[in-house]
>>> print(open('input38.txt').read())   # compact mmCIF, C-alpha atoms
# COMPACT_ATOMS: atom_id res chain seq x y z
CA MET A 1 -5.50 217.18 -24.97
CA ASN A 2 -4.87 220.14 -22.67
CA THR A 3 -4.77 220.16 -18.88
CA LEU A 4 -8.38 221.34 -18.54
CA ASP A 5 -9.77 218.51 -20.70
CA PHE A 6 -7.50 216.00 -19.01
CA SER A 7 -8.62 217.13 -15.53
CA LEU A 8 -12.30 216.92 -16.51
CA LEU A 9 -11.80 213.41 -17.93
CA ILE A 10 -10.02 212.28 -14.75
CA TRP A 11 -12.71 213.93 -12.63
CA PHE A 12 -15.49 212.14 -14.47
CA GLY A 13 -13.70 208.76 -14.36
CA SER A 14 -13.08 209.23 -10.63
CA LEU A 15 -16.72 210.16 -10.09
CA SER A 16 -17.81 206.89 -11.70
CA ALA A 17 -15.26 204.91 -9.68
CA GLY A 18 -16.38 206.52 -6.41
CA PHE A 19 -20.03 205.92 -7.29
CA LEU A 20 -19.55 202.21 -8.08
CA GLY A 21 -17.18 201.81 -5.14
CA ALA A 22 -19.78 203.15 -2.71
CA LEU A 23 -22.58 201.01 -4.14
CA THR A 24 -20.59 197.81 -3.97
CA GLY A 25 -18.81 198.57 -0.71
CA LEU A 26 -15.35 198.08 -2.22
CA GLY A 27 -14.35 201.74 -2.28
CA GLY A 28 -13.08 203.80 -5.21
CA GLY A 29 -9.37 202.95 -4.89
CA VAL A 30 -9.48 199.56 -6.59
CA VAL A 31 -10.83 201.14 -9.79
CA ILE A 32 -9.01 204.49 -9.71
CA VAL A 33 -5.48 203.09 -9.95
CA PRO A 34 -6.12 200.85 -13.00
CA PHE A 35 -8.25 203.60 -14.58
CA LEU A 36 -5.42 206.14 -14.27
CA SER A 37 -2.58 203.81 -15.21
CA VAL A 38 -4.13 201.47 -17.78
CA VAL A 39 -6.74 203.76 -19.39
CA CYS A 40 -5.16 207.23 -19.01
CA GLY A 41 -1.49 206.23 -19.18
CA VAL A 42 -0.51 207.92 -15.91
CA ASP A 43 2.65 206.63 -14.21
CA LEU A 44 1.75 204.05 -11.55
CA HIS A 45 3.44 205.99 -8.71
CA TYR A 46 1.37 209.11 -9.41
CA ALA A 47 -1.78 206.98 -9.74
CA ILE A 48 -1.19 205.33 -6.35
CA GLY A 49 -0.45 208.67 -4.66
CA ALA A 50 -3.63 210.28 -5.99
CA SER A 51 -5.71 207.22 -5.12
CA LEU A 52 -4.49 207.20 -1.50
CA LEU A 53 -5.79 210.74 -0.99
CA SER A 54 -9.17 209.91 -2.49
CA VAL A 55 -9.31 206.91 -0.14
CA ILE A 56 -8.73 209.16 2.90
CA ALA A 57 -11.43 211.56 1.69
CA THR A 58 -14.13 208.93 1.18
CA SER A 59 -13.26 207.04 4.34
CA SER A 60 -13.39 210.13 6.55
CA GLY A 61 -16.53 211.40 4.81
CA ALA A 62 -18.43 208.16 5.27
CA ALA A 63 -17.04 207.42 8.74
CA SER A 64 -18.32 210.77 10.05
CA ALA A 65 -21.91 209.56 9.57
CA TYR A 66 -21.39 205.98 10.80
CA VAL A 67 -19.56 207.04 13.97
CA LYS A 68 -22.44 209.31 14.93
CA GLU A 69 -24.95 206.52 14.41
CA GLY A 70 -23.04 204.34 16.89
CA TYR A 71 -22.20 201.39 14.61
CA THR A 72 -18.42 201.90 14.67
CA ASN A 73 -16.48 200.10 17.38
CA MET A 74 -13.80 202.69 18.14
CA ARG A 75 -11.71 200.54 20.52
CA LEU A 76 -11.64 197.70 18.02
CA GLY A 77 -10.72 200.16 15.27
CA MET A 78 -7.91 201.70 17.30
CA PHE A 79 -6.50 198.32 18.32
CA LEU A 80 -6.48 196.97 14.76
CA GLU A 81 -5.03 200.25 13.47
CA ILE A 82 -1.73 199.25 15.13
CA ALA A 83 -1.52 196.45 12.57
CA THR A 84 -2.79 198.45 9.58
CA THR A 85 -0.61 201.51 10.30
CA PHE A 86 2.65 199.59 10.50
CA GLY A 87 1.58 197.43 7.57
CA ALA A 88 0.90 200.56 5.53
CA VAL A 89 4.31 202.06 6.40
CA ALA A 90 5.96 198.77 5.36
CA GLY A 91 3.93 198.65 2.13
CA ALA A 92 4.84 202.22 1.18
CA VAL A 93 8.53 201.61 1.86
CA VAL A 94 8.48 198.42 -0.26
CA ALA A 95 6.58 200.19 -3.08
CA ALA A 96 9.60 202.40 -3.78
CA LYS A 97 12.01 199.48 -3.91
CA ILE A 98 10.28 197.15 -6.37
CA SER A 99 9.46 197.64 -10.05
CA THR A 100 6.09 198.95 -11.23
CA GLY A 101 5.63 195.67 -13.12
CA VAL A 102 5.58 193.69 -9.85
CA ILE A 103 3.18 196.21 -8.25
CA ALA A 104 0.89 195.89 -11.28
CA ILE A 105 0.80 192.09 -11.01
CA VAL A 106 0.05 192.17 -7.25
CA PHE A 107 -2.63 194.76 -7.97
CA GLY A 108 -4.16 192.52 -10.63
CA ILE A 109 -4.34 189.58 -8.23
CA VAL A 110 -5.98 191.73 -5.52
CA LEU A 111 -8.46 192.98 -8.14
CA LEU A 112 -9.35 189.43 -9.19
CA TYR A 113 -10.06 188.57 -5.58
CA SER A 114 -12.12 191.76 -5.15
CA ALA A 115 -14.18 190.84 -8.22
CA TYR A 116 -14.90 187.50 -6.61
CA LEU A 117 -15.78 189.09 -3.24
CA SER A 118 -18.10 191.68 -4.77
CA ARG A 119 -20.27 188.89 -6.21
CA LYS A 120 -20.54 187.04 -2.93
CA PRO A 121 -23.69 187.87 -0.96
CA TYR A 122 -23.18 188.87 2.65
CA SER A 123 -25.03 187.46 5.61
CA GLU A 124 -25.35 188.96 9.06
CA ASN A 125 -23.92 186.45 11.51
CA ILE A 126 -24.46 186.92 15.18
CA ASP A 127 -23.51 183.90 17.22
CA ASN A 128 -23.71 183.37 20.91
CA LEU A 129 -20.25 182.00 21.43
CA PRO A 130 -18.71 182.72 24.83
CA PRO A 131 -16.45 185.80 25.01
CA ASP A 132 -12.82 185.36 24.06
CA PRO A 133 -10.53 186.16 27.07
CA LEU A 134 -8.20 188.33 24.96
CA ALA A 135 -11.11 190.27 23.46
CA THR A 136 -12.52 190.82 26.95
CA ARG A 137 -9.13 191.96 28.25
CA LEU A 138 -8.93 194.47 25.37
CA LYS A 139 -12.57 195.58 25.89
CA LEU A 140 -13.42 194.82 22.27
CA ASN A 141 -16.90 193.41 22.96
CA SER A 142 -19.55 196.07 22.49
CA THR A 143 -23.08 196.85 21.37
CA TYR A 144 -24.63 198.29 18.22
CA PRO A 145 -28.07 199.68 17.35
CA THR A 146 -30.61 197.43 15.63
CA SER A 147 -34.33 197.82 14.92
CA THR A 148 -35.01 195.98 18.18
CA GLY A 149 -32.67 198.09 20.32
CA GLU A 150 -29.00 197.78 21.31
CA GLN A 151 -27.58 194.37 20.45
CA SER A 152 -24.42 193.16 22.17
CA TYR A 153 -21.75 191.10 20.43
CA ASN A 154 -18.55 189.30 21.33
CA VAL A 155 -15.33 189.50 19.36
CA ARG A 156 -13.34 186.35 18.58
CA GLY A 157 -10.15 185.33 16.75
CA VAL A 158 -8.18 188.41 17.81
CA PRO A 159 -4.60 187.25 16.88
CA PHE A 160 -5.60 185.95 13.42
CA GLY A 161 -7.71 189.04 12.70
CA PHE A 162 -4.82 191.27 13.79
CA GLY A 163 -2.44 189.42 11.44
CA LEU A 164 -4.80 189.82 8.48
CA MET A 165 -5.05 193.55 9.25
CA PHE A 166 -1.29 193.85 8.90
CA ILE A 167 -1.55 192.32 5.41
CA ALA A 168 -4.44 194.69 4.60
CA GLY A 169 -2.17 197.56 5.67
CA VAL A 170 0.72 196.36 3.47
CA LEU A 171 -1.57 196.11 0.43
CA SER A 172 -2.98 199.56 1.16
CA GLY A 173 0.49 201.14 1.31
CA LEU A 174 1.76 199.20 -1.70
CA LEU A 175 -1.23 199.67 -4.00
CA GLY A 176 -2.86 202.91 -2.82
CA ILE A 177 -6.18 201.27 -1.99
CA GLY A 178 -8.20 201.16 1.23
CA SER A 179 -8.17 197.32 1.46
CA GLY A 180 -11.72 197.57 2.78
CA ALA A 181 -12.68 194.19 1.33
CA LEU A 182 -9.92 192.39 3.23
CA LYS A 183 -10.62 194.31 6.44
CA VAL A 184 -14.31 193.45 6.32
CA LEU A 185 -13.49 189.82 5.52
CA ALA A 186 -11.19 189.57 8.55
CA MET A 187 -13.70 191.14 10.92
CA ASP A 188 -16.77 189.41 9.50
CA GLN A 189 -15.44 185.88 8.97
CA ILE A 190 -12.56 185.54 11.44
CA MET A 191 -13.55 187.81 14.31
CA HIS A 192 -17.32 187.12 14.07
CA ILE A 193 -18.28 190.78 14.22
CA PRO A 194 -21.76 191.79 12.92
CA PHE A 195 -21.60 192.95 9.31
CA LYS A 196 -22.72 196.53 9.95
CA VAL A 197 -20.08 196.94 12.64
CA SER A 198 -17.42 195.35 10.38
CA THR A 199 -18.11 197.61 7.41
CA THR A 200 -18.33 200.82 9.42
CA THR A 201 -15.29 200.03 11.57
CA SER A 202 -13.35 199.11 8.42
CA ASN A 203 -14.33 202.45 6.89
CA PHE A 204 -13.23 204.21 10.06
CA MET A 205 -9.82 202.50 9.96
CA ILE A 206 -9.16 203.11 6.26
CA GLY A 207 -8.46 206.84 6.78
CA VAL A 208 -5.70 206.18 9.30
CA THR A 209 -4.25 203.31 7.25
CA ALA A 210 -4.10 205.50 4.13
CA ALA A 211 -2.72 208.50 6.04
CA ALA A 212 0.16 206.32 7.29
CA SER A 213 1.37 205.64 3.76
CA ALA A 214 0.31 209.01 2.30
CA GLY A 215 3.00 210.73 4.41
CA ILE A 216 5.66 208.55 2.81
CA TYR A 217 4.26 209.09 -0.71
CA LEU A 218 4.24 212.85 -0.12
CA ASN A 219 7.83 212.79 1.10
CA ARG A 220 8.90 210.85 -1.96
CA GLY A 221 7.20 213.29 -4.33
CA TYR A 222 4.56 210.81 -5.56
CA ILE A 223 1.63 213.13 -4.84
CA ASP A 224 1.03 215.52 -7.71
CA PRO A 225 -1.42 218.34 -6.90
CA GLY A 226 -2.62 218.69 -10.50
CA LEU A 227 -3.55 215.01 -10.72
CA ALA A 228 -4.70 214.41 -7.13
CA MET A 229 -7.12 217.37 -7.38
CA PRO A 230 -9.61 215.92 -9.93
CA VAL A 231 -9.20 212.40 -8.51
CA MET A 232 -9.98 213.37 -4.92
CA LEU A 233 -12.89 215.65 -5.80
CA GLY A 234 -14.30 213.11 -8.28
CA VAL A 235 -14.16 210.08 -6.00
CA LEU A 236 -15.64 212.08 -3.11
CA CYS A 237 -18.59 213.35 -5.21
CA GLY A 238 -19.14 209.85 -6.58
CA ALA A 239 -19.10 208.30 -3.12
CA VAL A 240 -21.62 210.81 -1.74
CA LEU A 241 -23.86 210.20 -4.77
CA GLY A 242 -23.46 206.42 -4.43
CA ALA A 243 -24.46 206.48 -0.76
CA ARG A 244 -27.62 208.43 -1.68
CA VAL A 245 -28.60 206.01 -4.45
CA LEU A 246 -27.70 202.90 -2.45
CA VAL A 247 -31.04 202.77 -0.60
CA ARG A 248 -33.00 202.49 -3.85
CA ALA A 249 -30.57 200.72 -6.17
CA ARG A 250 -30.66 197.15 -7.43
CA VAL A 251 -27.37 196.34 -5.76
CA GLN A 252 -26.99 192.80 -7.13
CA LEU A 253 -27.14 193.98 -10.75
CA LEU A 254 -24.61 196.73 -10.01
CA ARG A 255 -22.32 194.27 -8.26
CA ASN A 256 -22.36 192.06 -11.35
CA ILE A 257 -21.51 195.00 -13.62
CA PHE A 258 -18.79 196.19 -11.24
CA SER A 259 -17.18 192.78 -10.89
CA GLY A 260 -17.12 192.51 -14.71
CA VAL A 261 -15.32 195.85 -14.97
CA ILE A 262 -12.86 194.83 -12.26
CA LEU A 263 -12.18 191.50 -13.98
CA VAL A 264 -11.21 193.21 -17.25
CA LEU A 265 -9.00 195.74 -15.43
CA ALA A 266 -7.35 192.96 -13.41
CA LEU A 267 -6.39 190.95 -16.50
CA GLU A 268 -5.16 194.11 -18.24
CA MET A 269 -2.99 195.03 -15.24
CA ILE A 270 -1.48 191.55 -14.93
CA TYR A 271 -0.80 191.46 -18.69
CA LYS A 272 0.85 194.88 -18.69
CA GLY A 273 2.81 194.03 -15.56
CA LEU A 274 4.13 190.81 -17.11
CA THR A 275 5.05 192.45 -20.42
CA GLY A 276 6.61 195.43 -18.63
CA ARG A 277 4.41 198.00 -20.37
CA LEU A 278 3.35 199.93 -17.33
CA MET B 1 -23.42 192.63 30.06
CA VAL B 2 -23.64 196.12 31.50
CA LEU B 3 -19.90 196.69 31.07
CA ASN B 4 -20.25 196.40 27.30
CA ARG B 5 -22.61 199.34 26.97
CA ARG B 6 -21.25 202.55 25.62
CA THR B 7 -21.21 205.31 28.22
CA LYS B 8 -22.60 208.83 27.78
CA PHE B 9 -19.07 210.18 27.50
CA GLU B 10 -18.22 207.70 24.76
CA GLN B 11 -21.40 208.60 22.86
CA ARG B 12 -20.58 212.32 23.08
CA PHE B 13 -17.06 211.51 21.94
CA GLU B 14 -18.49 209.65 18.91
CA GLN B 15 -20.46 212.77 17.96
CA PHE B 16 -17.34 214.89 18.30
CA ILE B 17 -15.19 212.56 16.16
CA GLY B 18 -17.93 212.43 13.53
CA ASN B 19 -17.98 216.23 13.33
CA LEU B 20 -14.18 216.45 13.29
CA LEU B 21 -13.94 214.09 10.30
CA ARG B 22 -16.70 215.93 8.46
CA VAL B 23 -15.21 219.39 8.98
CA GLY B 24 -11.74 218.13 7.99
CA VAL B 25 -12.98 216.66 4.70
CA ILE B 26 -15.12 219.71 3.84
CA LEU B 27 -12.29 222.19 4.52
CA ALA B 28 -9.81 220.07 2.56
CA SER B 29 -12.22 219.79 -0.40
CA VAL B 30 -12.84 223.55 -0.45
CA LEU B 31 -9.09 224.24 -0.49
CA VAL B 32 -8.43 221.65 -3.21
CA LEU B 33 -11.33 222.96 -5.33
CA THR B 34 -10.28 226.61 -4.92
CA GLY B 35 -6.65 225.85 -5.75
CA GLY B 36 -7.78 223.61 -8.61
CA ILE B 37 -9.98 226.26 -10.24
CA LEU B 38 -7.23 228.90 -9.98
CA TYR B 39 -4.68 226.40 -11.32
CA LEU B 40 -6.88 225.47 -14.32
CA ILE B 41 -7.57 229.15 -15.11
CA ARG B 42 -3.83 229.78 -15.29
CA HIS B 43 -2.55 226.49 -16.74
CA GLY B 44 -5.66 224.88 -18.31
CA THR B 45 -4.44 225.17 -21.88
CA GLU B 46 -1.02 223.57 -21.30
CA VAL B 47 -0.30 219.96 -22.24
CA PRO B 48 -0.27 217.61 -19.22
CA ASN B 49 2.51 215.05 -18.75
CA TYR B 50 1.99 212.26 -16.24
CA GLN B 51 3.31 209.40 -18.40
CA PHE B 52 6.79 209.54 -16.97
CA PHE B 53 7.64 209.69 -13.35
CA ARG B 54 9.83 212.63 -12.43
CA GLY B 55 8.93 213.10 -8.78
CA GLU B 56 7.45 216.31 -7.47
CA PRO B 57 9.71 219.31 -6.77
CA ALA B 58 10.76 219.74 -3.13
CA GLU B 59 8.17 222.44 -2.52
CA PHE B 60 5.34 219.89 -2.83
CA ARG B 61 6.97 217.31 -0.57
CA THR B 62 6.88 218.93 2.87
CA PRO B 63 4.54 221.22 4.84
CA ALA B 64 7.28 223.91 4.94
CA GLY B 65 7.68 223.64 1.16
CA VAL B 66 3.93 223.99 0.61
CA LYS B 67 3.94 227.18 2.68
CA THR B 68 6.74 228.70 0.60
CA SER B 69 4.92 227.68 -2.57
CA ILE B 70 1.66 229.41 -1.52
CA LEU B 71 3.48 232.55 -0.45
CA SER B 72 5.12 232.73 -3.87
CA GLY B 73 1.63 232.68 -5.42
CA ARG B 74 1.50 229.14 -6.82
CA ASN B 75 -2.04 227.78 -7.03
CA ARG B 76 -0.88 224.18 -6.90
CA GLY B 77 0.43 225.03 -3.43
CA ILE B 78 -3.17 225.68 -2.34
CA ILE B 79 -4.20 222.24 -3.66
CA GLN B 80 -1.28 220.65 -1.83
CA LEU B 81 -2.30 222.46 1.40
CA GLY B 82 -5.79 220.96 1.03
CA LEU B 83 -4.22 217.52 0.56
CA LEU B 84 -2.06 218.02 3.67
CA LEU B 85 -5.19 218.93 5.64
CA LEU B 86 -6.85 215.78 4.31
CA ILE B 87 -3.94 213.63 5.53
CA ALA B 88 -4.03 215.46 8.89
CA THR B 89 -7.74 214.72 9.46
CA PRO B 90 -7.39 211.02 10.46
CA VAL B 91 -4.21 211.89 12.38
CA MET B 92 -6.14 214.46 14.42
CA ARG B 93 -8.79 211.82 15.03
CA VAL B 94 -6.12 209.60 16.62
CA VAL B 95 -4.79 212.53 18.71
CA PHE B 96 -8.27 213.26 20.10
CA SER B 97 -8.84 209.55 20.77
CA LEU B 98 -5.68 209.64 22.87
CA LEU B 99 -7.09 212.54 24.95
CA ALA B 100 -10.38 210.69 25.40
CA PHE B 101 -8.68 207.51 26.61
CA VAL B 102 -6.56 209.56 29.04
CA ARG B 103 -9.73 211.15 30.39
CA LEU B 104 -11.37 207.70 30.71
CA LYS B 105 -8.20 206.49 32.51
CA ASP B 106 -8.19 203.58 30.05
CA TYR B 107 -4.42 203.04 30.07
CA THR B 108 -4.45 199.97 27.83
CA TYR B 109 -5.92 202.15 25.08
CA VAL B 110 -3.68 205.11 25.89
CA ILE B 111 -0.78 202.79 25.00
CA VAL B 112 -2.57 201.35 21.94
CA THR B 113 -3.27 204.87 20.65
CA LEU B 114 0.31 206.03 21.34
CA ILE B 115 1.64 203.12 19.24
CA VAL B 116 -0.66 204.06 16.32
CA LEU B 117 0.37 207.70 16.64
CA ALA B 118 4.06 206.74 16.63
CA GLY B 119 3.54 204.90 13.32
CA LEU B 120 1.75 207.90 11.80
CA ILE B 121 4.39 210.38 12.95
CA TYR B 122 7.16 208.16 11.62
CA SER B 123 5.48 208.10 8.21
CA LEU B 124 4.88 211.86 8.16
CA ILE B 125 8.25 213.16 9.30
CA GLY B 126 10.62 210.29 8.58
CA LYS B 127 13.36 210.72 5.99
CA TYR B 128 13.40 208.19 3.18
CA SER B 129 16.04 207.70 0.58
>>> encode(input="input38.txt", output="C-alpha cells")
Amino acid sequence: MNTLDFSLLIWFGSLSAGFLGALTGLGGGVVIVPFLSVVCGVDLHYAIGASLLSVIATSSGAASAYVKEGYTNMRLGMFLEIATTFGAVAGAVVAAKISTGVIAIVFGIVLLYSAYLSRKPYSENIDNLPPDPLATRLKLNSTYPTSTGEQSYNVRGVPFGFGLMFIAGVLSGLLGIGSGALKVLAMDQIMHIPFKVSTTTSNFMIGVTAAASAGIYLNRGYIDPGLAMPVMLGVLCGAVLGARVLVRARVQLLRNIFSGVILVLALEMIYKGLTGRL
Amino acid sequence: MVLNRRTKFEQRFEQFIGNLLRVGVILASVLVLTGGILYLIRHGTEVPNYQFFRGEPAEFRTPAGVKTSILSGRNRGIIQLGLLLLIATPVMRVVFSLLAFVRLKDYTYVIVTLIVLAGLIYSLIGKYS
C-alpha cells in the first residue's frame, strides 16, 4: 500500500467516524483512535495526536453555529475551561510517561462507558430550584432560546461539576478525545443545565481543552502532518455531513449501530492493551 | 430575572466569536488540503510507515521549525502550518473573550480567562523532556 492509498483509506475511515460521531453526539475522537491503532496499525501516540486535531476542527466548526444561535453559555464555558485546560495539560504530560498498553486499557474502559451512554435516551430537565449562591456569584445563570421565547435557567452543583470537568480534561489529554460525553453528563446531570445548553457549551469547551494538550503533543513530535491531514479533513467532512443528516435521520437506530461498533473496538483495545500488542 | 438576560454587547460578541471560529477552521482546512495535495503528488507512491513511533523531526515541532520547513519547500510544512492555525483558533477565542470581559469590566471573568490563557500558553511554549 502506498501513501496515496493509505491516506485515502484513513480519510474515508475518518469521514465515517466523524459522521457517526456527529449523529450520536459523541464526537469523532472516540472512534478515530481505535480505528487508526487497532484497524490500521498506527502507533498509538500518532493516533492520539491526529485525533486531537480533528477534535479541535469539529468542535470549532460546530461551535461557530451554536454560539451564534445563542445556546452556548460562554461564562459557564470559560469558568469550566479552567478545569478542563489544566486537566488536559496533566493528561498530556502523563501520556508520555506511561506505556501504550495502559493508555489502551483506559481508552477501552472509556469506550465501554461511551457505548452505554450512547444508548441512553436524553431528557430535557428544567427544574425550578432556587439559584445556587456560588453560581449566582459567578454569573453562571443565563437564558437560552426556545420555541416559546427566552427561557432562563439556574446552574447548580458547581464544585462537583468543576471536579468532573478536570477528569474530562485529563481523559482528553491522555486519550486524544474531546470527552464530550463526560462534559455533557456533568452539566446535564450534576449542574442541572438544559440539554441544549449542555451539549453546545460542551462543544464550545472541547476546542480549548484539545488545544491545551495539542501544544504538548506537537512539542513532543506526536503530530505527524502526513497522518493528521487525512484524519482532520475526513472527520471534519463527516461531521458537517452528519449535522446535515441529523434532522432527518432515525437517530435511535444509528445509536444502536454506533454503540455496537464502539463495544467491539473497546474490547479489542482492552485485549490488545493487556497482551501488550499495541 | 433581568440580570440574567444577555446584553446587546454580549450578543454581538457571540456573533463575532462564531465568525472567528468559522474563519479559523476554514483557513486551516484550506492550508491542510493544499499542503496535503502537494505532498501526495510528490510522495504519494512511497510506502508509509506509522507502525513504529519515531517522533517527528524538530522542524515539525515548533512554529519556528514549521516556518523553516515551508521556506525550504517542504509541503508537509504547509500541512503543519494549517494544523498550527487550527490549534491557534480556540486560543484566539480565549484572547478575544479576555478583551470582551475587560470591556464589560467583569473582573471575575478577566481573572478566570487569564487563568485559562496561562494554561494554554504553558502547554504551547513549555519545554518537556
>>> interface_residues(input="input38.txt", of="chain B", to="chain A", cutoff="6 Å", atoms="all atoms listed in the file", output="NGL selection string")
:B and (4 or 14-15 or 18 or 21-22 or 44-48 or 50-53 or 55-56 or 61 or 76 or 79-80 or 87 or 90 or 116 or 120 or 123-124)
>>> write_last_selection(input="input38.txt", atoms="C-alpha atoms", output="mmCIF file, in the frame of the given file")
data_model
loop_
_atom_site.group_PDB
_atom_site.id
_atom_site.type_symbol
_atom_site.label_atom_id
_atom_site.label_comp_id
_atom_site.auth_asym_id
_atom_site.auth_seq_id
_atom_site.Cartn_x
_atom_site.Cartn_y
_atom_site.Cartn_z
ATOM 1 C CA ASN B 4 -20.250 196.400 27.300
ATOM 2 C CA GLU B 14 -18.490 209.650 18.910
ATOM 3 C CA GLN B 15 -20.460 212.770 17.960
ATOM 4 C CA GLY B 18 -17.930 212.430 13.530
ATOM 5 C CA LEU B 21 -13.940 214.090 10.300
ATOM 6 C CA ARG B 22 -16.700 215.930 8.460
ATOM 7 C CA GLY B 44 -5.660 224.880 -18.310
ATOM 8 C CA THR B 45 -4.440 225.170 -21.880
ATOM 9 C CA GLU B 46 -1.020 223.570 -21.300
ATOM 10 C CA VAL B 47 -0.300 219.960 -22.240
ATOM 11 C CA PRO B 48 -0.270 217.610 -19.220
ATOM 12 C CA TYR B 50 1.990 212.260 -16.240
ATOM 13 C CA GLN B 51 3.310 209.400 -18.400
ATOM 14 C CA PHE B 52 6.790 209.540 -16.970
ATOM 15 C CA PHE B 53 7.640 209.690 -13.350
ATOM 16 C CA GLY B 55 8.930 213.100 -8.780
ATOM 17 C CA GLU B 56 7.450 216.310 -7.470
ATOM 18 C CA ARG B 61 6.970 217.310 -0.570
ATOM 19 C CA ARG B 76 -0.880 224.180 -6.900
ATOM 20 C CA ILE B 79 -4.200 222.240 -3.660
ATOM 21 C CA GLN B 80 -1.280 220.650 -1.830
ATOM 22 C CA ILE B 87 -3.940 213.630 5.530
ATOM 23 C CA PRO B 90 -7.390 211.020 10.460
ATOM 24 C CA VAL B 116 -0.660 204.060 16.320
ATOM 25 C CA LEU B 120 1.750 207.900 11.800
ATOM 26 C CA SER B 123 5.480 208.100 8.210
ATOM 27 C CA LEU B 124 4.880 211.860 8.160
#
>>> atom_distance(input="input38.txt", atom1="CA of Val110 in chain B", atom2="CA of Leu98 in chain B")
5.8 Å
>>> atom_distance(input="input38.txt", atom1="CA of Thr200 in chain A", atom2="CA of Thr24 in chain A")
13.9 Å
>>> closest_residue(input="input38.txt", among="B:Lys67, B:Asn19, B:Phe60, B:Arg74", to="Leu38 in chain B", atoms="all atoms listed in the file")
B:Arg74
>>> closest_residue(input="input38.txt", among="B:Asn49, B:Gly36, B:Leu86, B:Thr62", to="Val23 in chain B", atoms="all atoms listed in the file")
B:Leu86
>>> atom_distance(input="input38.txt", atom1="CA of Val184 in chain A", atom2="CA of Ser202 in chain A")
6.1 Å
>>> residues_near_point(input="input38.txt", point="(-15.9, 208.2, -11.1)", cutoff="12 Å", atoms="all atoms listed in the file", output="PyMOL selection string")
chain A and resi 8-22+27-33+35-36+51+54+230-242
>>> residues_near_point(input="input38.txt", point="(-9.4, 219.4, 5.9)", cutoff="6 Å", atoms="only C-alpha atoms", output="number ranges by chain")
B: 24-25, 27-28, 85-86
